[in-house]
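Asks: target-v2.cif is the file, holding mmCIF, C-alpha atoms:
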```cif
data_target
loop_
_atom_site.label_atom_id
_atom_site.label_comp_id
_atom_site.auth_asym_id
_atom_site.auth_seq_id
_atom_site.Cartn_x
_atom_site.Cartn_y
_atom_site.Cartn_z
CA MET L 1 -34.00 131.13 -67.36
CA SER L 2 -35.83 128.92 -64.89
CA ARG L 3 -37.24 130.30 -61.67
CA LYS L 4 -34.63 128.38 -59.67
CA SER L 5 -31.77 129.75 -61.75
CA PHE L 6 -33.15 133.27 -61.38
CA LEU L 7 -33.31 132.94 -57.59
CA VAL L 8 -29.78 131.54 -57.44
CA THR L 9 -28.48 134.42 -59.61
CA LEU L 10 -30.35 136.98 -57.51
CA GLY L 11 -28.96 135.44 -54.34
CA LEU L 12 -25.42 135.59 -55.69
CA ILE L 13 -25.87 139.27 -56.64
CA VAL L 14 -27.20 140.10 -53.17
CA LEU L 15 -24.35 138.17 -51.54
CA LEU L 16 -21.77 139.91 -53.73
CA GLY L 17 -23.28 143.29 -52.91
CA ALA L 18 -23.18 142.51 -49.19
CA VAL L 19 -19.53 141.45 -49.44
CA VAL L 20 -18.58 144.61 -51.34
CA LEU L 21 -20.44 146.80 -48.84
CA THR L 22 -18.76 145.03 -45.93
CA VAL L 23 -15.33 145.52 -47.48
CA VAL L 24 -16.01 149.23 -48.16
CA VAL L 25 -17.21 149.81 -44.59
CA TRP L 26 -14.16 147.98 -43.26
CA LEU L 27 -11.81 150.03 -45.43
CA LEU L 28 -13.50 153.26 -44.31
CA SER L 29 -13.19 152.24 -40.66
CA CYS L 30 -9.43 151.63 -40.91
CA GLU L 31 -7.43 154.16 -38.89
CA PRO L 32 -3.94 155.16 -40.10
CA GLU L 33 -1.19 154.08 -37.75
CA LEU L 34 0.17 157.62 -37.49
CA TYR L 35 -3.28 158.88 -36.44
CA VAL L 36 -3.50 156.30 -33.66
CA GLN L 37 0.05 157.02 -32.49
CA ALA L 38 -0.60 160.79 -32.42
CA GLU L 39 -3.42 160.50 -29.86
CA MET L 40 -2.60 162.25 -26.58
CA PRO L 41 -4.31 160.62 -23.55
CA ALA L 42 -6.44 162.96 -21.47
CA GLY L 43 -4.94 164.10 -18.19
CA PRO L 44 -2.62 166.65 -16.55
CA ASP L 45 0.23 166.06 -19.03
CA ARG L 46 -2.00 166.86 -22.01
CA VAL L 47 -3.24 170.04 -20.32
CA ARG L 48 0.34 171.08 -19.54
CA LEU L 49 1.54 170.43 -23.10
CA SER L 50 -1.41 172.38 -24.52
CA GLN L 51 -0.50 175.32 -22.31
CA GLU L 52 3.12 175.07 -23.45
CA PHE L 53 2.00 175.27 -27.08
CA GLU L 54 -0.12 178.37 -26.46
CA LYS L 55 2.62 180.09 -24.50
CA ARG L 56 5.23 179.41 -27.21
CA ALA L 57 2.81 180.57 -29.89
CA PHE L 58 2.05 183.73 -27.88
CA ASP L 59 5.77 184.41 -27.40
CA LEU L 60 6.34 183.96 -31.13
CA PHE L 61 3.49 186.34 -31.90
CA ASN L 62 5.06 188.98 -29.66
CA GLU L 63 8.49 188.49 -31.25
CA ILE L 64 7.01 188.99 -34.72
CA GLN L 65 5.41 192.20 -33.53
CA ASN L 66 8.40 193.57 -31.66
CA GLU L 67 11.64 191.93 -32.84
CA ASP L 68 13.54 191.95 -36.12
CA ASP L 69 14.31 188.23 -36.09
CA TRP L 70 12.13 185.51 -34.64
CA GLU L 71 12.21 181.76 -34.27
CA ALA L 72 10.19 179.06 -32.52
CA GLU L 73 9.90 175.30 -32.28
CA PHE L 74 6.81 173.26 -31.45
CA THR L 75 6.72 169.56 -30.72
CA GLU L 76 4.20 167.14 -32.15
CA GLN L 77 3.01 166.35 -28.62
CA GLN L 78 2.39 170.02 -27.86
CA ILE L 79 0.42 170.51 -31.07
CA ASN L 80 -1.73 167.41 -30.59
CA SER L 81 -2.34 168.24 -26.93
CA TRP L 82 -3.53 171.70 -27.92
CA LEU L 83 -5.77 170.26 -30.65
CA ALA L 84 -7.36 167.98 -28.05
CA GLU L 85 -7.63 170.62 -25.31
CA ASP L 86 -7.78 174.37 -25.93
CA PHE L 87 -8.44 174.21 -29.67
CA VAL L 88 -11.86 172.58 -29.21
CA GLU L 89 -12.96 175.58 -27.10
CA SER L 90 -11.60 178.20 -29.50
CA ASN L 91 -13.28 180.21 -32.24
CA LEU L 92 -11.08 178.40 -34.74
CA ALA L 93 -12.79 175.08 -33.93
CA ARG L 94 -16.23 176.64 -34.26
CA GLN L 95 -15.41 177.60 -37.85
CA LEU L 96 -15.01 173.95 -38.84
CA PRO L 97 -17.94 171.88 -40.15
CA GLU L 98 -19.60 169.98 -37.32
CA GLN L 99 -18.76 166.67 -39.05
CA ILE L 100 -15.03 167.26 -38.41
CA SER L 101 -13.54 166.30 -35.04
CA GLU L 102 -10.38 165.04 -33.33
CA PRO L 103 -7.73 166.55 -35.65
CA ARG L 104 -4.17 165.27 -35.18
CA VAL L 105 -0.80 165.77 -36.82
CA ALA L 106 2.38 163.77 -37.18
CA LEU L 107 5.69 165.38 -38.13
CA ARG L 108 8.48 163.61 -39.97
CA PRO L 109 11.60 165.01 -41.71
CA GLY L 110 10.23 167.16 -44.53
CA LYS L 111 6.77 165.60 -44.26
CA LEU L 112 3.42 166.47 -42.68
CA PHE L 113 0.64 164.04 -41.78
CA LEU L 114 -2.74 165.62 -40.98
CA ALA L 115 -5.90 163.69 -40.16
CA PHE L 116 -9.32 164.11 -38.56
CA ARG L 117 -12.54 162.19 -37.99
CA TYR L 118 -15.37 162.93 -40.39
CA GLY L 119 -18.96 161.91 -39.72
CA GLY L 120 -21.25 161.47 -36.74
CA PRO L 121 -21.56 159.19 -33.69
CA ASP L 122 -23.19 156.39 -35.70
CA PHE L 123 -20.43 156.15 -38.28
CA ASN L 124 -17.30 158.13 -39.04
CA THR L 125 -14.06 157.69 -40.93
CA VAL L 126 -10.57 159.14 -40.55
CA VAL L 127 -9.70 161.45 -43.42
CA SER L 128 -5.93 161.78 -43.77
CA LEU L 129 -3.48 163.77 -45.85
CA GLU L 130 0.23 163.15 -46.12
CA GLY L 131 2.75 165.14 -48.09
CA LYS L 132 6.02 167.01 -48.35
CA VAL L 133 6.28 170.64 -47.21
CA TRP L 134 9.00 173.14 -48.07
CA ILE L 135 9.66 176.84 -48.64
CA ALA L 136 10.06 177.73 -52.30
CA PRO L 137 13.69 178.64 -53.13
CA ARG L 138 14.39 182.38 -53.07
CA GLU L 139 10.76 183.06 -52.09
CA PRO L 140 10.67 183.36 -48.28
CA ASN L 141 6.90 183.79 -47.99
CA THR L 142 5.98 180.98 -50.34
CA LEU L 143 5.20 177.47 -49.07
CA ALA L 144 4.77 174.37 -51.18
CA LEU L 145 2.74 171.28 -50.24
CA GLU L 146 3.07 168.14 -52.35
CA ILE L 147 0.08 165.88 -51.65
CA GLU L 148 1.34 162.30 -51.70
CA SER L 149 -1.68 160.65 -50.09
CA PHE L 150 -5.31 161.64 -49.46
CA LYS L 151 -7.60 158.98 -48.01
CA ALA L 152 -10.81 158.20 -46.15
CA GLY L 153 -9.82 155.26 -43.98
CA ALA L 154 -7.83 153.09 -46.37
CA ILE L 155 -9.69 154.27 -49.49
CA PRO L 156 -7.83 156.77 -51.72
CA LEU L 157 -9.72 159.98 -52.48
CA SER L 158 -9.46 162.27 -55.46
CA PRO L 159 -7.46 165.42 -54.59
CA ARG L 160 -9.78 167.58 -56.70
CA PHE L 161 -12.21 168.32 -53.87
CA LEU L 162 -9.31 169.08 -51.55
CA GLN L 163 -7.79 171.43 -54.13
CA GLN L 164 -10.99 173.47 -54.30
CA GLU L 165 -11.40 173.65 -50.53
CA LEU L 166 -7.75 174.56 -49.93
CA THR L 167 -7.82 177.26 -52.59
CA GLU L 168 -11.02 178.88 -51.34
CA GLY L 169 -10.00 178.71 -47.68
CA ALA L 170 -6.55 180.15 -48.34
CA ARG L 171 -7.82 183.04 -50.44
CA GLN L 172 -10.28 183.98 -47.71
CA ASN L 173 -7.21 184.46 -45.50
CA ASN L 174 -5.26 186.54 -48.03
CA ILE L 175 -3.15 183.62 -49.25
CA ASP L 176 -2.75 183.12 -52.98
CA VAL L 177 -2.69 179.49 -54.17
CA GLN L 178 -1.32 178.07 -57.41
CA TRP L 179 -1.34 174.39 -58.41
CA TYR L 180 0.97 172.25 -60.51
CA ARG L 181 1.95 168.57 -60.69
CA LYS L 182 5.23 166.96 -59.62
CA ASP L 183 5.93 163.27 -60.18
CA GLY L 184 2.21 162.71 -60.63
CA HIS L 185 1.28 164.42 -57.34
CA PRO L 186 -0.63 167.72 -57.01
CA VAL L 187 1.44 170.50 -55.47
CA ALA L 188 -0.10 173.58 -53.84
CA VAL L 189 2.05 176.73 -53.72
CA PHE L 190 0.87 179.16 -51.03
CA ARG L 191 1.98 182.79 -51.22
CA LEU L 192 1.49 184.51 -47.85
CA GLN L 193 0.38 188.16 -47.56
CA ALA L 194 -0.57 188.05 -51.21
CA ASP L 195 -1.94 191.60 -51.24
CA ARG L 196 1.39 193.17 -50.21
CA ARG L 197 4.16 193.93 -52.70
CA ASP L 198 6.66 194.22 -49.83
CA PRO L 199 5.40 192.08 -46.92
CA GLY L 200 6.54 193.33 -43.54
CA VAL L 201 6.92 189.77 -42.23
CA GLN L 202 8.95 187.09 -43.96
CA LEU L 203 8.88 183.39 -43.16
CA ARG L 204 12.39 182.33 -44.14
CA GLU L 205 12.71 178.81 -42.79
CA LEU L 206 10.25 176.00 -42.13
CA GLU L 207 11.78 172.77 -40.91
CA LEU L 208 9.76 169.62 -40.30
CA LYS L 209 11.75 167.26 -38.11
CA ASP L 210 10.94 163.94 -36.49
CA GLY L 211 8.27 165.01 -34.01
CA ALA L 212 8.86 168.77 -34.20
CA LEU L 213 8.26 171.88 -36.30
CA ARG L 214 10.64 174.85 -36.41
CA VAL L 215 9.88 178.21 -37.98
CA LYS L 216 12.21 181.15 -38.47
CA GLY L 217 11.73 184.54 -40.05
CA ARG L 218 12.26 188.27 -40.00
CA SER L 219 10.07 191.32 -39.44
CA LEU L 220 11.27 193.93 -41.92
CA ASP L 221 9.07 196.92 -41.17
CA PRO L 222 6.81 197.25 -38.10
CA SER L 223 4.44 199.52 -40.00
CA LEU L 224 3.89 196.83 -42.63
CA ARG L 225 3.60 193.78 -40.43
CA GLY L 226 -0.15 193.78 -40.48
CA MET L 227 -0.49 190.91 -38.02
CA PRO L 228 -4.05 190.00 -36.98
CA GLU L 229 -5.18 190.07 -33.37
CA TRP L 230 -3.99 187.21 -31.18
CA PRO L 231 -6.33 184.33 -32.13
CA PHE L 232 -5.92 182.18 -29.02
CA SER L 233 -6.67 182.62 -25.34
CA ILE L 234 -3.97 181.50 -22.92
CA ARG L 235 -5.42 179.34 -20.17
CA LYS L 236 -4.04 180.45 -16.83
CA ALA L 237 -2.16 177.87 -14.86
CA GLY L 238 -4.43 176.00 -12.49
CA SER L 239 -7.65 177.06 -14.25
CA SER L 240 -10.01 174.64 -15.90
#
```
What do you get writing this file as structure tokens?
Replies:
Amino acid sequence: MSRKSFLVTLGLIVLLGAVVLTVVVWLLSCEPELYVQAEMPAGPDRVRLSQEFEKRAFDLFNEIQNEDDWEAEFTEQQINSWLAEDFVESNLARQLPEQISEPRVALRPGKLFLAFRYGGPDFNTVVSLEGKVWIAPREPNTLALEIESFKAGAIPLSPRFLQQELTEGARQNNIDVQWYRKDGHPVAVFRLQADRRDPGVQLRELELKDGALRVKGRSLDPSLRGMPEWPFSIRKAGSS
């Protein structure tokens, strides 16, 4: 090969590499439409909606502790407002890796979309998960999540890493996880209160609607409820 041919070949390889790198960076920088739509602009409305979420969650917590039957509904706007406001100041947020920020959700009939930014100020990508959620038939405290999509930007990711992280995180919170495949998709089956033969609290219904989440259940035995301490702090009206 002549020197000129070698330089031309090398130049083509460098050019091809630059094109591939540019395409990969562009794909990683793509933001899912649902993630963009779920953003709640800062301001009084977002603060109010965040407070509404915490109050409804607190009321639900009290019902579980003190009532036989309980039910609550949360809107997508309330959840995303809380994630952008009070969540970032909570102990729950401090438990996340520092590379994770700006989590958001979108709710559709029977489906959950969850996404967050991953990275630093110089470069980050939106990691997103989309899938179906339902309660296993005849098993009130058992949730199933079918992962239909798992991406960084527009680039599909292998669910294997997610499977390991979900399993370890769930088991640390006394949730047993089993995996199987359905129509080529991984499905996680979460069994709540896994250490109790007769759980005192039963989640009987979980409905994902367009823009809202409804939960319904029953507290069977106050002595077996075993609820943890209230994990949030209600911001008083008018405080900052």
Asks: Please report the interatomic distance between CA of Tyr118 (chain L) and CA of Ser90 (chain L) in Å with one decimal.
Replies: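 So the two atoms, CA of Tyr118 (chain L) and CA of Ser90 (chain L), lie 19.1 Å apart.
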Asks: What is the CA of Leu145 (chain L)-CA of Gly184 (chain L) distance in Å, reported with one decimal?
Replies: 13.5 Å
Asks: Between L:Leu27, L:Ala84, L:Val189, L:Val36, single out the one closest to Ser50 (chain L), counting all atoms listed in the file.
Replies: L:Ala84
Asks: Between L:His185, L:Arg171, L:Lys55, L:Arg46, which is the closest to Ser149 (chain L) once you count all atoms listed in the file?
Replies: L:His185
Asks: Which residues of region 38-116 of chain L come within 10 Å of region 191-213 of chain L, and what is each one's closest atom pair and distance in Å (one decimal), counting all atoms listed in the file, sorted by chain and residue number, as JSON lines?
Replies:
```
{"residue": "L:Ala38", "atom": "CA", "partner": "L:Gly211", "partner_atom": "CA", "distance": 10.0}
{"residue": "L:Ile64", "atom": "CA", "partner": "L:Val201", "partner_atom": "CA", "distance": 7.6}
{"residue": "L:Gln65", "atom": "CA", "partner": "L:Val201", "partner_atom": "CA", "distance": 9.2}
{"residue": "L:Asp68", "atom": "CA", "partner": "L:Val201", "partner_atom": "CA", "distance": 9.3}
{"residue": "L:Asp69", "atom": "CA", "partner": "L:Gln202", "partner_atom": "CA", "distance": 9.6}
{"residue": "L:Trp70", "atom": "CA", "partner": "L:Leu203", "partner_atom": "CA", "distance": 9.4}
{"residue": "L:Glu71", "atom": "CA", "partner": "L:Glu205", "partner_atom": "CA", "distance": 9.0}
{"residue": "L:Ala72", "atom": "CA", "partner": "L:Leu213", "partner_atom": "CA", "distance": 8.3}
{"residue": "L:Glu73", "atom": "CA", "partner": "L:Leu213", "partner_atom": "CA", "distance": 5.5}
{"residue": "L:Phe74", "atom": "CA", "partner": "L:Leu213", "partner_atom": "CA", "distance": 5.2}
{"residue": "L:Thr75", "atom": "CA", "partner": "L:Ala212", "partner_atom": "CA", "distance": 4.2}
{"residue": "L:Glu76", "atom": "CA", "partner": "L:Gly211", "partner_atom": "CA", "distance": 5.0}
{"residue": "L:Gln77", "atom": "CA", "partner": "L:Gly211", "partner_atom": "CA", "distance": 7.6}
{"residue": "L:Gln78", "atom": "CA", "partner": "L:Ala212", "partner_atom": "CA", "distance": 9.1}
{"residue": "L:Ile79", "atom": "CA", "partner": "L:Ala212", "partner_atom": "CA", "distance": 9.2}
{"residue": "L:Val105", "atom": "CA", "partner": "L:Gly211", "partner_atom": "CA", "distance": 9.5}
{"residue": "L:Ala106", "atom": "CA", "partner": "L:Gly211", "partner_atom": "CA", "distance": 6.8}
{"residue": "L:Leu107", "atom": "CA", "partner": "L:Gly211", "partner_atom": "CA", "distance": 4.9}
{"residue": "L:Arg108", "atom": "CA", "partner": "L:Asp210", "partner_atom": "CA", "distance": 4.3}
{"residue": "L:Pro109", "atom": "CA", "partner": "L:Lys209", "partner_atom": "CA", "distance": 4.2}
{"residue": "L:Gly110", "atom": "CA", "partner": "L:Leu208", "partner_atom": "CA", "distance": 4.9}
{"residue": "L:Lys111", "atom": "CA", "partner": "L:Leu208", "partner_atom": "CA", "distance": 6.4}
{"residue": "L:Leu112", "atom": "CA", "partner": "L:Leu208", "partner_atom": "CA", "distance": 7.5}
```
Asks: Could you jot down the CA of Phe116 (chain L) to CA of Leu96 (chain L) separation for me, Å, one decimal place?
Replies: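 Answer for the CA of Phe116 (chain L) to CA of Leu96 (chain L) separation: 11.4 Å.
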Asks: Going by the chain IDs and residue numbers used in this file, which residues fall under the PyMOL selection byres ((chain L and resi 100) around 6)? Write them as a list in words.
Replies: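 Matching residues under the PyMOL selection byres ((chain L and resi 100) around 6) are Pro97, Glu98, Gln99, Ser101, Arg117 and Tyr118 of chain L.
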Asks: Using only C-alpha atoms, which of the listed residues (L:Asp122, L:Asp183, L:Glu168, L:Glu39) sits closest to Glu146 (chain L)?
Replies: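 Looking at the shortest contact to Glu146 (chain L), the residue is L:Asp183.
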Asks: For Pro41 (chain L), which residue among L:Asn91, L:Asn80, L:Ser219, L:Pro103 is the nearest when counting all atoms listed in the file?
Replies: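 Comparing L:Asn91, L:Asn80, L:Ser219, L:Pro103 against Pro41 (chain L), the winner is L:Asn80.
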Asks: Excluding same-chain residues fewer than 4 positions from Arg48 (chain L), what lies within 9 Å of it counting all atoms listed in the file, as a compact mmCIF listing (two decimals) with C-alpha atoms, in the frame of the given file?
Replies:
```txt
# COMPACT_ATOMS: atom_id res chain seq x y z
CA GLY L 43 -4.94 164.10 -18.19
CA PRO L 44 -2.62 166.65 -16.55
CA GLU L 52 3.12 175.07 -23.45
CA PHE L 53 2.00 175.27 -27.08
CA GLN L 78 2.39 170.02 -27.86
CA SER L 81 -2.34 168.24 -26.93
CA ALA L 237 -2.16 177.87 -14.86
```
Asks: Of the candidates L:Pro186, L:Asn124, L:Met40, L:Phe58, which one gets nearest to Leu83 (chain L) if we count only C-alpha atoms?
Replies: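 With only C-alpha atoms as the atom set, the closest residue is L:Met40.
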Asks: Write out as AutoDock Vina command-line options an axis-aligned box for region 74-78 of chain L: all of its atoms listed in the file, 5 Å added on each side, centre and edge lengths in Å with one decimal.
Replies:
```
--center_x 4.6 --center_y 169.8 --center_z -30.0 --size_x 14.4 --size_y 16.9 --size_z 14.3
```
Asks: Using all atoms listed in the file, find the one residue out of L:Lys216, L:Tyr35, L:Glu165, L:Asp86 that sits nearest to Pro140 (chain L).
Replies: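 Closest candidate: L:Lys216.
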Asks: Please return, as a list in words, all polymer residues that have at least one atom within 12 Å of the point (1.1, 169.4, -57.9); use all atoms listed in the file and the file's own coordinate frame.
Replies: Gly131, Lys132, Val133, Ala144, Leu145, Glu146, Ile147, Glu148, Pro159, Arg160, Gln163, Val177, Gln178, Trp179, Tyr180, Arg181, Lys182, Asp183, Gly184, His185, Pro186, Val187, Ala188, Val189 and Phe190 of chain L
